[in-house]
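Peer 1: This is final00.txt (compact mmCIF, C-alpha atoms).
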```txt
# COMPACT_ATOMS: atom_id res chain seq x y z
CA MET Y 7 94.32 -41.74 41.76
CA LYS Y 8 93.92 -38.70 44.00
CA LYS Y 9 90.97 -36.46 43.46
CA ASP Y 10 91.73 -32.86 42.62
CA ARG Y 11 89.91 -31.03 45.42
CA GLY Y 12 90.26 -27.68 43.70
CA THR Y 13 88.73 -28.94 40.50
CA THR Y 14 85.90 -30.58 42.43
CA ALA Y 15 85.13 -27.34 44.25
CA ILE Y 16 85.12 -25.47 40.96
CA ASP Y 17 82.81 -28.03 39.38
CA LYS Y 18 80.37 -27.79 42.30
CA SER Y 19 80.37 -24.02 42.15
CA VAL Y 20 79.64 -24.15 38.43
CA ASN Y 21 76.76 -26.57 38.87
CA ARG Y 22 75.21 -24.52 41.74
CA PRO Y 23 72.69 -21.95 40.48
CA ALA Y 24 74.25 -18.51 40.86
CA ASN Y 25 71.05 -16.45 41.03
CA ARG Y 26 68.82 -18.70 43.13
CA GLU Y 27 65.61 -16.92 44.08
CA LYS Y 28 65.34 -16.37 47.83
CA SER Y 29 62.46 -17.98 49.66
CA PHE Y 30 59.84 -15.98 51.51
CA PHE Y 31 61.39 -16.67 54.92
CA GLU Y 32 64.85 -15.72 53.69
CA LYS Y 33 63.48 -12.38 52.52
CA ILE Y 34 61.84 -11.90 55.92
CA LEU Y 35 65.15 -12.53 57.70
CA ILE Y 36 66.99 -10.11 55.43
CA GLN Y 37 64.38 -7.38 56.02
CA LYS Y 38 63.59 -8.20 59.64
CA GLN Y 39 64.05 -4.55 60.73
CA LEU Y 40 61.31 -3.44 58.31
CA VAL Y 41 59.10 -6.30 59.47
CA PHE Y 42 59.43 -5.23 63.11
CA MET Y 43 58.64 -1.64 62.14
CA ALA Y 44 55.51 -2.71 60.22
CA LEU Y 45 54.31 -5.13 62.91
CA PRO Y 46 52.42 -2.52 65.04
CA LEU Y 47 50.54 -1.31 61.95
CA VAL Y 48 49.66 -4.87 60.92
CA LEU Y 49 48.38 -5.61 64.42
CA TYR Y 50 46.35 -2.37 64.35
CA VAL Y 51 44.70 -3.34 61.06
CA ILE Y 52 43.95 -6.86 62.28
CA LEU Y 53 42.52 -5.61 65.58
CA PHE Y 54 40.29 -2.84 64.23
CA SER Y 55 39.52 -4.05 60.68
CA TYR Y 56 39.33 -7.85 60.78
CA VAL Y 57 38.44 -8.81 64.35
CA PRO Y 58 35.20 -6.73 64.24
CA LEU Y 59 34.07 -8.81 61.25
CA TRP Y 60 33.03 -11.36 63.86
CA GLY Y 61 30.08 -9.05 64.48
CA TRP Y 62 28.69 -9.95 61.06
CA THR Y 63 27.36 -13.13 62.65
CA MET Y 64 24.56 -10.97 64.10
CA ALA Y 65 23.09 -10.72 60.59
CA PHE Y 66 22.30 -14.45 60.75
CA GLN Y 67 20.79 -14.41 64.25
CA ASN Y 68 17.74 -13.13 66.08
CA PHE Y 69 20.23 -11.13 68.09
CA ARG Y 70 19.50 -10.24 71.70
CA PRO Y 71 22.15 -8.16 73.54
CA ALA Y 72 21.57 -9.90 76.88
CA ARG Y 73 22.49 -13.32 75.50
CA THR Y 74 25.91 -14.81 74.86
CA PHE Y 75 26.95 -15.94 71.38
CA TRP Y 76 26.03 -19.56 72.11
CA GLU Y 77 22.57 -18.60 73.40
CA GLN Y 78 21.53 -16.66 70.29
CA ASP Y 79 18.79 -17.99 68.01
CA TRP Y 80 20.01 -18.47 64.44
CA ALA Y 81 17.80 -17.01 61.72
CA GLY Y 82 19.72 -17.95 58.59
CA LEU Y 83 19.04 -15.54 55.70
CA ARG Y 84 15.80 -14.25 57.20
CA TRP Y 85 16.95 -10.66 57.60
CA PHE Y 86 18.49 -10.49 54.13
CA SER Y 87 15.20 -11.72 52.69
CA PHE Y 88 13.37 -9.08 54.72
CA LEU Y 89 15.66 -6.33 53.40
CA PHE Y 90 14.85 -6.98 49.75
CA GLN Y 91 11.15 -7.06 50.50
CA ASP Y 92 11.23 -3.83 52.48
CA GLN Y 93 10.27 -0.80 50.40
CA VAL Y 94 12.10 1.55 52.77
CA PHE Y 95 15.41 -0.23 52.25
CA LEU Y 96 14.94 -0.38 48.48
CA ARG Y 97 14.21 3.35 48.52
CA ASP Y 98 17.37 3.99 50.53
CA ILE Y 99 19.42 1.97 48.03
CA ARG Y 100 18.05 4.14 45.23
CA ASN Y 101 18.86 7.33 47.13
CA SER Y 102 22.38 6.14 47.99
CA ILE Y 103 23.22 5.16 44.42
CA CYS Y 104 21.81 8.34 42.86
CA MET Y 105 23.51 10.71 45.32
CA SER Y 106 26.77 8.78 45.08
CA LEU Y 107 26.73 8.98 41.27
CA ILE Y 108 26.01 12.72 41.42
CA ASN Y 109 28.83 13.31 43.92
CA THR Y 110 31.27 11.15 41.96
CA SER Y 111 30.54 12.67 38.54
CA LEU Y 112 30.53 16.25 39.78
CA GLY Y 113 33.62 15.58 41.91
CA PHE Y 114 35.60 14.18 38.97
CA ILE Y 115 34.61 16.89 36.51
CA THR Y 116 35.20 19.82 38.86
CA ALA Y 117 38.44 18.45 40.36
CA ILE Y 118 40.01 17.70 36.97
CA GLY Y 119 38.86 21.00 35.48
CA PHE Y 120 40.08 23.00 38.47
CA ALA Y 121 43.42 21.18 38.41
CA LEU Y 122 43.86 22.01 34.72
CA LEU Y 123 43.19 25.69 35.39
CA LEU Y 124 45.55 25.80 38.38
CA ASN Y 125 48.24 24.07 36.36
CA GLU Y 126 48.12 26.91 33.81
CA LEU Y 127 48.73 29.64 36.39
CA LYS Y 128 52.22 31.06 35.99
CA LYS Y 129 52.37 33.15 39.18
CA ILE Y 130 53.38 30.65 41.85
CA LEU Y 131 52.27 32.78 44.81
CA PHE Y 132 48.78 33.35 43.41
CA LYS Y 133 48.52 29.66 42.52
CA ARG Y 134 49.38 28.60 46.08
CA VAL Y 135 46.89 31.06 47.58
CA VAL Y 136 44.07 29.83 45.35
CA GLN Y 137 44.92 26.20 46.05
CA THR Y 138 45.07 26.77 49.81
CA VAL Y 139 41.73 28.60 49.88
CA SER Y 140 40.09 25.89 47.78
CA TYR Y 141 41.01 22.94 50.00
CA LEU Y 142 40.42 24.61 53.39
CA PRO Y 143 36.71 23.57 53.44
CA HIS Y 144 37.86 19.94 53.45
CA PHE Y 145 38.94 20.34 57.08
CA LEU Y 146 35.51 21.56 58.19
CA SER Y 147 33.28 19.09 59.97
CA TRP Y 148 30.18 18.01 58.08
CA VAL Y 149 28.16 19.24 61.05
CA ILE Y 150 29.50 22.76 60.50
CA VAL Y 151 28.95 22.47 56.75
CA THR Y 152 25.32 21.45 57.18
CA GLY Y 153 24.80 24.42 59.49
CA LEU Y 154 26.23 26.75 56.85
CA VAL Y 155 24.07 25.20 54.11
CA SER Y 156 20.93 25.51 56.25
CA ASN Y 157 21.62 29.19 56.90
CA MET Y 158 22.45 29.89 53.25
CA LEU Y 159 19.22 28.24 52.07
CA SER Y 160 17.01 29.61 54.82
CA VAL Y 161 13.70 31.16 53.82
CA ASP Y 162 14.21 33.98 56.30
CA SER Y 163 17.10 36.15 55.09
CA GLY Y 164 19.01 33.24 53.56
CA ALA Y 165 21.85 34.40 51.30
CA ILE Y 166 20.67 32.37 48.28
CA ASN Y 167 17.10 33.64 48.46
CA GLU Y 168 18.25 37.22 49.02
CA LEU Y 169 20.56 37.05 46.01
CA LEU Y 170 17.93 35.58 43.70
CA LEU Y 171 15.34 38.10 44.88
CA SER Y 172 17.69 41.01 44.27
CA LEU Y 173 18.42 39.72 40.75
CA GLY Y 174 14.71 39.31 40.04
CA LEU Y 175 15.04 35.58 39.30
CA ILE Y 176 12.39 34.64 41.87
CA LYS Y 177 9.40 36.57 43.22
CA GLU Y 178 9.34 35.03 46.71
CA SER Y 179 11.66 33.04 48.91
CA VAL Y 180 11.95 29.32 48.10
CA LEU Y 181 11.93 26.60 50.74
CA TRP Y 182 14.95 24.83 49.22
CA LEU Y 183 15.19 22.18 51.93
CA GLY Y 184 11.49 21.36 51.67
CA ILE Y 185 11.25 20.49 47.98
CA PRO Y 186 12.41 16.92 47.17
CA LYS Y 187 13.55 17.62 43.59
CA TYR Y 188 16.20 20.08 44.81
CA PHE Y 189 17.76 17.93 47.53
CA TRP Y 190 20.13 15.78 45.45
CA GLY Y 191 21.42 18.88 43.68
CA ILE Y 192 22.05 20.58 47.03
CA VAL Y 193 23.97 17.52 48.24
CA GLY Y 194 26.09 17.44 45.06
CA ALA Y 195 26.86 21.17 45.17
CA THR Y 196 27.79 20.98 48.86
CA TYR Y 197 30.09 18.02 48.25
CA VAL Y 198 31.85 19.83 45.40
CA TRP Y 199 32.35 22.99 47.49
CA LYS Y 200 33.83 21.02 50.38
CA GLU Y 201 36.00 18.49 48.53
CA VAL Y 202 36.99 19.94 45.14
CA GLY Y 203 40.16 21.58 46.42
CA TRP Y 204 41.32 18.47 48.25
CA ASN Y 205 40.64 16.19 45.26
CA THR Y 206 42.55 18.61 43.03
CA ILE Y 207 45.80 18.00 44.92
CA ILE Y 208 46.13 14.47 43.53
CA TYR Y 209 45.70 15.59 39.92
CA LEU Y 210 48.14 18.47 40.36
CA ALA Y 211 50.73 16.04 41.74
CA ALA Y 212 50.27 13.87 38.65
CA MET Y 213 50.63 16.90 36.36
CA VAL Y 214 53.90 17.90 38.00
CA GLY Y 215 55.39 14.57 36.93
CA LEU Y 216 54.74 15.16 33.22
CA ASP Y 217 57.77 15.77 31.00
CA PRO Y 218 58.12 19.54 30.22
CA ALA Y 219 59.70 18.60 26.88
CA LEU Y 220 56.28 17.46 25.68
CA TYR Y 221 54.84 20.93 26.23
CA GLU Y 222 57.84 22.56 24.54
CA ALA Y 223 57.45 20.32 21.49
CA ALA Y 224 53.72 21.03 21.33
CA GLU Y 225 54.35 24.78 21.56
CA ILE Y 226 56.83 24.56 18.67
CA ASP Y 227 54.15 22.76 16.66
CA GLY Y 228 51.80 25.69 17.28
CA CYS Y 229 49.52 24.18 19.95
CA ASN Y 230 47.71 26.63 22.20
CA ARG Y 231 46.97 26.03 25.89
CA TYR Y 232 43.72 24.21 25.28
CA ARG Y 233 45.26 21.79 22.78
CA LYS Y 234 48.14 21.09 25.16
CA MET Y 235 45.62 20.33 27.92
CA TRP Y 236 43.70 17.97 25.66
CA HIS Y 237 46.59 16.15 23.98
CA ILE Y 238 49.27 16.16 26.72
CA THR Y 239 47.94 16.89 30.21
CA LEU Y 240 44.78 14.78 30.16
CA PRO Y 241 46.45 11.70 28.58
CA GLY Y 242 49.34 12.12 31.02
CA ILE Y 243 47.10 11.95 34.10
CA LYS Y 244 44.85 9.24 32.66
CA PRO Y 245 46.35 6.49 34.90
CA THR Y 246 45.59 8.61 37.98
CA ILE Y 247 42.04 9.21 36.80
CA ILE Y 248 41.48 5.47 36.23
CA ILE Y 249 42.80 4.54 39.70
CA LEU Y 250 40.62 7.13 41.43
CA LEU Y 251 37.63 6.06 39.35
CA ILE Y 252 38.08 2.43 40.44
CA MET Y 253 38.24 3.53 44.07
CA SER Y 254 35.13 5.67 43.63
CA ILE Y 255 33.22 2.73 42.14
CA GLY Y 256 34.06 0.80 45.29
CA ARG Y 257 32.21 3.46 47.32
CA ILE Y 258 29.09 3.60 45.17
CA LEU Y 259 26.79 2.84 48.12
CA ASP Y 260 28.58 5.27 50.44
CA ALA Y 261 26.57 8.38 49.61
CA GLY Y 262 27.26 9.90 53.01
CA PHE Y 263 25.61 10.15 56.37
CA GLU Y 264 26.09 13.47 58.18
CA LEU Y 265 25.00 15.77 55.35
CA GLN Y 266 21.82 13.84 54.62
CA TYR Y 267 21.03 13.18 58.27
CA PHE Y 268 21.25 16.81 59.40
CA LEU Y 269 19.52 18.32 56.34
CA ARG Y 270 16.66 15.82 56.16
CA ASN Y 271 13.16 16.57 57.36
CA GLY Y 272 9.70 15.11 56.93
CA LEU Y 273 9.17 16.86 53.60
CA ILE Y 274 12.24 15.39 51.90
CA GLN Y 275 12.81 12.19 53.87
CA ASP Y 276 11.89 9.98 50.90
CA VAL Y 277 14.86 11.31 48.90
CA ALA Y 278 17.26 12.03 51.78
CA ASP Y 279 17.55 8.72 53.64
CA THR Y 280 20.56 6.53 52.80
CA ILE Y 281 21.66 3.02 53.81
CA ASP Y 282 23.74 4.41 56.67
CA ILE Y 283 20.68 6.24 58.04
CA PHE Y 284 18.69 3.01 57.68
CA VAL Y 285 21.32 1.18 59.77
CA LEU Y 286 21.16 3.88 62.45
CA GLU Y 287 17.36 3.93 62.57
CA PHE Y 288 16.86 0.17 62.89
CA GLY Y 289 19.99 -0.55 64.91
CA PHE Y 290 19.75 2.04 67.66
CA ARG Y 291 16.20 3.35 67.61
CA HIS Y 292 14.35 0.09 66.96
CA ASN Y 293 16.97 -2.13 68.62
CA ASN Y 294 16.99 -4.51 65.66
CA PHE Y 295 20.75 -5.06 65.54
CA ALA Y 296 20.46 -8.12 63.30
CA LEU Y 297 18.64 -6.18 60.55
CA ALA Y 298 21.05 -3.24 60.83
CA THR Y 299 24.04 -5.60 60.59
CA ALA Y 300 22.54 -7.30 57.52
CA ALA Y 301 22.07 -3.91 55.82
CA GLY Y 302 25.63 -2.83 56.58
CA MET Y 303 27.00 -6.20 55.49
CA PHE Y 304 25.11 -5.97 52.21
CA LYS Y 305 26.55 -2.52 51.53
CA ASN Y 306 30.14 -3.61 52.21
CA VAL Y 307 29.87 -6.81 50.15
CA VAL Y 308 28.47 -4.89 47.18
CA ASN Y 309 31.21 -2.25 47.44
CA VAL Y 310 33.98 -4.87 47.56
CA THR Y 311 32.44 -6.75 44.63
CA LEU Y 312 32.21 -3.57 42.57
CA ILE Y 313 35.81 -2.55 43.22
CA PHE Y 314 37.13 -6.00 42.20
CA THR Y 315 34.91 -5.96 39.11
CA ALA Y 316 36.11 -2.49 38.11
CA ASN Y 317 39.71 -3.53 38.67
CA TRP Y 318 39.18 -6.66 36.52
CA ILE Y 319 37.65 -4.59 33.71
CA ALA Y 320 40.60 -2.17 33.86
CA LYS Y 321 43.00 -5.11 33.63
CA LYS Y 322 41.20 -6.61 30.64
CA THR Y 323 41.15 -3.26 28.81
CA GLY Y 324 44.84 -2.62 29.47
CA GLU Y 325 44.30 0.31 31.83
CA GLU Y 326 45.90 1.02 35.19
CA GLN Y 327 44.72 -1.17 38.06
CA LEU Y 328 44.91 -1.32 41.82
CA ILE Y 329 46.24 -4.88 42.08
```
Let me see the file written as structure tokens.

Peer 2:
Amino acid sequence: MKKDRGTTAIDKSVNRPANREKSFFEKILIQKQLVFMALPLVLYVILFSYVPLWGWTMAFQNFRPARTFWEQDWAGLRWFSFLFQDQVFLRDIRNSICMSLINTSLGFITAIGFALLLNELKKILFKRVVQTVSYLPHFLSWVIVTGLVSNMLSVDSGAINELLLSLGLIKESVLWLGIPKYFWGIVGATYVWKEVGWNTIIYLAAMVGLDPALYEAAEIDGCNRYRKMWHITLPGIKPTIIILLIMSIGRILDAGFELQYFLRNGLIQDVADTIDIFVLEFGFRHNNFALATAAGMFKNVVNVTLIFTANWIAKKTGEEQLI
């Protein structure tokens, strides 16, 4: 009996899975143009972000610049043990965490509040002018900003002292940059002034994506502006707030460098020094590259651990997450 070739072909086509999932390499071949376009960026990241991680080996050595890698003396965890017994490093950790928490909390509150106010402006031209003026300080170098802050807080004809004297709030000029209890507040206020406008852009972009029908329904129900902010705008941008909060937690030990370094002096050094300043002092001034590398490695490992922990907590609580 002859086989019916047509029927056999039909049977095979029926038995073959119609929607077979493509393998990884098949997807690469289909999107090879995009892969070639992304290749330079991938190589850039590997070259400047992952290859330098080889330098972390210095944290486990008694590093000497004149020696090759194979001639270095290995020290194990000696420098990490030294860090956690060093009162200067522990002080710098405290300063970094406190200033970072101040910057983060003030940055979130002011950026969200300013975005809510800008979102309520009806005159587009005025809104754009205010927004532009607010984020222009972001483009200033921290070196310039520290110069402005020093002049504003100067004892001799500083704008802040002159204003407070004219209002009768103080009887004599205050040495603002010489009193430790004021320094963290100065850092937080300077950060807000420089970055609040730039941080606001993200929240405004999230607000633009909200459905206008929600505001119309709330207005019909008799809600005023404040109730619409509380019940519609803030819940609508909650995913954006959670994502930015997770990213901020991952930078908890990055309190800054330039602002603290240029404003510090002997009177406030105990509250001004951060981990980055510690790395600079021991790495380049004391030529202890192994200790500086250990301090920087500790900071990065803690930051990465915190961002993964925050992302895991967000996942468990059903909130937005990075990955």

Peer 1: My list of candidates is Y:Ser140, Y:Ser111, Y:Thr152, Y:Ser87. Which is closest to Arg270 (chain Y) when distances are computed with all atoms listed in the file?

Peer 2: Y:Thr152

Peer 1: So, with only C-alpha atoms as the atoms that count, which of Y:Ala296, Y:Ile207, Y:Leu122, Y:Ile281 lies closest to Gly242 (chain Y)?

Peer 2: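 Distance minimum relative to Gly242 (chain Y) lands on Y:Leu122.
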
Peer 1: By how many Å are CA of Glu264 (chain Y) and CA of Thr280 (chain Y) apart?

Peer 2: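 That distance, rounded to one decimal, is 10.4 Å.
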
Peer 1: What does the distance between CA of Ala165 (chain Y) and CA of Arg134 (chain Y) come to in Å, to one decimal place?

Peer 2: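 CA of Arg134 (chain Y) lies at a distance of 28.6 Å from CA of Ala165 (chain Y).
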
Peer 1: Select, counting only C-alpha atoms, all protein, DNA and RNA residues no farther than 12 Å from (14.3, -0.5, 48.0) in file coordinates, and express the selection as JSON, numbers by chain.

Peer 2: {"Y": [88, 89, 90, 91, 92, 93, 94, 95, 96, 97, 98, 99, 100, 101, 102, 103, 276, 277, 279, 280, 281, 284, 301]}

Peer 1: Next, dump the selected residues to file, keeping only C-alpha atoms, as an mmCIF file, keeping the file's coordinate frame.

Peer 2:
```
data_model
loop_
_atom_site.group_PDB
_atom_site.id
_atom_site.type_symbol
_atom_site.label_atom_id
_atom_site.label_comp_id
_atom_site.auth_asym_id
_atom_site.auth_seq_id
_atom_site.Cartn_x
_atom_site.Cartn_y
_atom_site.Cartn_z
ATOM 1 C CA PHE Y 88 13.370 -9.080 54.720
ATOM 2 C CA LEU Y 89 15.660 -6.330 53.400
ATOM 3 C CA PHE Y 90 14.850 -6.980 49.750
ATOM 4 C CA GLN Y 91 11.150 -7.060 50.500
ATOM 5 C CA ASP Y 92 11.230 -3.830 52.480
ATOM 6 C CA GLN Y 93 10.270 -0.800 50.400
ATOM 7 C CA VAL Y 94 12.100 1.550 52.770
ATOM 8 C CA PHE Y 95 15.410 -0.230 52.250
ATOM 9 C CA LEU Y 96 14.940 -0.380 48.480
ATOM 10 C CA ARG Y 97 14.210 3.350 48.520
ATOM 11 C CA ASP Y 98 17.370 3.990 50.530
ATOM 12 C CA ILE Y 99 19.420 1.970 48.030
ATOM 13 C CA ARG Y 100 18.050 4.140 45.230
ATOM 14 C CA ASN Y 101 18.860 7.330 47.130
ATOM 15 C CA SER Y 102 22.380 6.140 47.990
ATOM 16 C CA ILE Y 103 23.220 5.160 44.420
ATOM 17 C CA ASP Y 276 11.890 9.980 50.900
ATOM 18 C CA VAL Y 277 14.860 11.310 48.900
ATOM 19 C CA ASP Y 279 17.550 8.720 53.640
ATOM 20 C CA THR Y 280 20.560 6.530 52.800
ATOM 21 C CA ILE Y 281 21.660 3.020 53.810
ATOM 22 C CA PHE Y 284 18.690 3.010 57.680
ATOM 23 C CA ALA Y 301 22.070 -3.910 55.820
#
```

Peer 1: State, in Å with one decimal place, the distance from CA of Asn309 (chain Y) to CA of Thr196 (chain Y).

Peer 2: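 Rounded to one decimal, the two atoms are 23.5 Å apart.
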
Peer 1: I'd like the neighbourhood of region 250-254 of chain Y as an mmCIF file with C-alpha atoms, in the coordinates of the input, where a residue qualifies if any of its atoms comes within 9 Å (using only C-alpha atoms), though same-chain residues fewer than 4 positions away should be ignored.

Peer 2:
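Printed below is part_29.cif as written:
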```cif
data_model
loop_
_atom_site.group_PDB
_atom_site.id
_atom_site.type_symbol
_atom_site.label_atom_id
_atom_site.label_comp_id
_atom_site.auth_asym_id
_atom_site.auth_seq_id
_atom_site.Cartn_x
_atom_site.Cartn_y
_atom_site.Cartn_z
ATOM 1 C CA THR Y 110 31.270 11.150 41.960
ATOM 2 C CA PHE Y 114 35.600 14.180 38.970
ATOM 3 C CA PRO Y 245 46.350 6.490 34.900
ATOM 4 C CA THR Y 246 45.590 8.610 37.980
ATOM 5 C CA ILE Y 258 29.090 3.600 45.170
ATOM 6 C CA LEU Y 312 32.210 -3.570 42.570
ATOM 7 C CA ILE Y 313 35.810 -2.550 43.220
ATOM 8 C CA PHE Y 314 37.130 -6.000 42.200
ATOM 9 C CA ALA Y 316 36.110 -2.490 38.110
ATOM 10 C CA ASN Y 317 39.710 -3.530 38.670
ATOM 11 C CA ALA Y 320 40.600 -2.170 33.860
ATOM 12 C CA GLN Y 327 44.720 -1.170 38.060
ATOM 13 C CA LEU Y 328 44.910 -1.320 41.820
#
```

Peer 1: Just give me the residues with any atom within 8 Å of (35.9, 20.5, 47.0), file coordinates, counting only C-alpha atoms, written as a PyMOL selection string.

Peer 2: chain Y and resi 113+117+140-141+143-144+197-206

Peer 1: Taking only C-alpha atoms into account, which of Y:Pro186, Y:Thr239, Y:Lys177, Y:Asp260 comes nearest Leu216 (chain Y)?

Peer 2: Y:Thr239

Peer 1: Applying 12 Å and only C-alpha atoms, which residues near Tyr232 (chain Y) remain after dropping the ones on its own chain fewer than 5 positions away? List them as a ChimeraX atom specification.

Peer 2: /Y:119,122-123,125-126,221,224-225,237-240
